[in-house]
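> Pasting a structure here, questions to come.
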Amino acid sequence: MAHTKIGGKTLLEIGYPQTPVFRTAMRVMEADFSHLSQEEAIELLKKILADPAAYVDDPVLGTIAEQLLQPVAPPEIELRATPVPYTVYGKDYIEEGAIRQINNAVRLPVAVAGSLMPDAHQGYGLPIGGVLAAENAVIPYGVGVDIGCRMCLSILDLPEHSLYTNEAAYVKELTSHTKFGAGAEWKKREADPVLERSEFKDIRFVRNLLDKAAGQLGTSGSGNHFVEWGIVTITDINNEWNLAPGNYVGLLSHSGSRGMGAQIAGHYTQLAKELCPLPKEVQHLAYLDLDTEAGQEYWLAMNLAGDYASACHHLIHKRLIKATGATLLARIENHHNFAWKEMYQGKEVIVHRKGATPAGKGVLGIIPGSMTAPGFIVRGKGEERSLQSASHGAGRQMSRTKALASITPQELNAVLQEHGVTLIGGGLDEAPGAYKNISTVMASQTDLVEVIGRFIPKVVRMADGGPPED
DNA sequence: ATGTTC
């Protein structure tokens with residue numbers, strides 16, 4: 001099926017004015033008319049432009065028509081003169097751009113409080129590693145593009161030595177039962193309750209995403225996503241599962257809601273920008289009022305994407321556990337790109353965590369290191385000053401571009417060999433040297449979480465990386 | 001992050 005996208009260049013050629021209608025037209029065509037051919041889409045847009053009045057009552061095209069008839073931009077929403085308070089953990093290791101972004105976020109009229117995690121770096125809107133509590137509003141870019149990006153760790157009863165003596169089998173199963181790459185789909189589809197959810201029928205925009213979601217269920221995507229075998233060491237005698245302290249084989253995965261979540265994020269960010277015109281330098285922080293239809297829709301779609309991401313992890317783990325004949329002893333999992341309704345100083349707020357691990361009192365989570373550095377099983381301390389959050393990893397110290405330019409394949413191989421790690425796929429932009437020291441990051445958040453165990457990667461699979469091949 | 005865009 002054709003997937004037509006109308007770009008800005010096309011709109012200019014047709015004669016659309018560069019007012020809010022520009023963005024609206026792109027979003028509506030993408031959301032509801034991508035099945036049309038390019039010619040049909042252009043024809044339709046021309047007809048609306050020629051006679052907007054004829055389309056104002058159209059439930060879908062009406063927004064385009066209205067904005068053509070009323071081409072003046074709605075007034076800009078003003079930021080607070082005085083920001084709400086925020087805290088920063090590990091300030092010495094955080095780049096200036098990330099600080100600037102949280103500084104902007106706490107000036108939103110809906111902001112209640114903020115916090116910056118020690119792995120923070122610059123992103124779109126809210127920085128990665130940014131936490132923001134808002135009043136009755138949700139910021140799509142406060143959640144991020146990969147809605148429900150999360151960690152899942154299965155602790156298994158397999159003998160630790162098998163990871164060394166029978167590594168080839170682990171490599172083989174990991175290769176057969178995971179799928180990586182942007183757009184990756186399984187040929188054979190699996191049924192899952194998440195695909196039966198009513199949101200796929202009730203929300204018009206989400207309806208179009210069902211087919212993609214069904215094909216991508218149980219895939220991992222690209223970027224920093226991984227599935228890996230490794231050694232779990234439980235250090236806390238009083239752990240939640242009554243596991244004897246010691247070593248276990250673990251399966252750890254990191255991925256999100258794939259194309260479906262990305263489309264939801266893109267769509268509702270555009271919609272938020274139309275409905276919530278902020279000053280240009282903070283426009284990515286556009287928010288949706290939860291009392292509006294758009295806000296409610298995003299909330300439902302976001303939760304669906306979160307559950308879908310979870311189902312992806314569970315399918316990956318189910319297949320690998322079955323393939324290795326293992327028994328599941330314990331599982332720890334958490335979203336780190338999401339928004340939750342939580343209590344803050346006696347009031348219900350929307351807590352956005354964009355690259356941050358929920359760390360309410362007694363809440364378990366996983367904070368990964370890098371492909372050669374340990375990850376940590378943590379128990380939250382419920383620290384209010386961090387909005388009950390912790391870092392979601394070590395955080396980058398090098399951009400992808402910089403890592404590709406400065407780390408050599410020989411260096412990557414040497415560090416993998418030094419740590420006894422087998423890497424399937426992967427690229428220089430994900431090399432350990434591109435990340436901060438996880439020990440330093442953990443040391444910056446001892447008020448936020450306690451460590452109850454760690455995970456050392458041994459067999460790692462990631463998407464093929466490096467510079468684009470074509 | 002996503003099979004790519006103001």
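So you can find residues: chains in the structure tokens are A, B, ... in the order shown, residues in each start at 1, and ligands are numbered from 1 in order.
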May I have the residues of chain A within 10 Å of chain B, counting only C-alpha atoms (C1' of nucleotides), written as a list of chain:residue names?
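Applying the cut-off to the listed atoms yields A:Gly7, A:Gly8, A:Lys9, A:Phe22, A:Arg23, A:Gly144, A:Val145, A:Asp146, A:Ile147, A:Cys149, A:Gly181, A:Ala182, A:Gly183, A:Ala184, A:Gly221, A:Ser222, A:Gly223, A:Asn224, A:His225, A:Ser255, A:Gly256, A:Ser257, A:Arg258, A:Gly259, A:Met260, A:Gly261, A:Ala262, A:Gln263, A:Gly266.
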> Write out as number ranges by chain all residues of region 192-242 of chain A that backbone DSSP assigns to strand (DSSP E).
A: 226-234
> Based on the backbone DSSP call, show me all residues of region 150-359 of chain A assigned alpha helix (DSSP H), as a ChimeraX atom specification.
/A:162-165,167-177,199-202,204-207,210-216,258-275,293-324
> Taking 4 positions as the minimum chain separation for residues in the same chain, which residues sit within 9 Å of Leu251 (chain A) when counting only C-alpha atoms (C1' of nucleotides)? Answer as a list in words.
Cys152, Leu153, Ser154, Ile155, Leu156, Val227, Glu228, Trp229, Gly230, Ile231, Val232, His317, Leu320 and Ile321 of chain A
> With a distance cut-off of 7 Å and only C-alpha atoms (C1' of nucleotides), select the neighbouring residues of Gln122 (chain A), excluding the residue or stretch itself and same-chain residues fewer than 5 positions from it, and output the selection as a ChimeraX atom specification.
/A:97-98,127-128
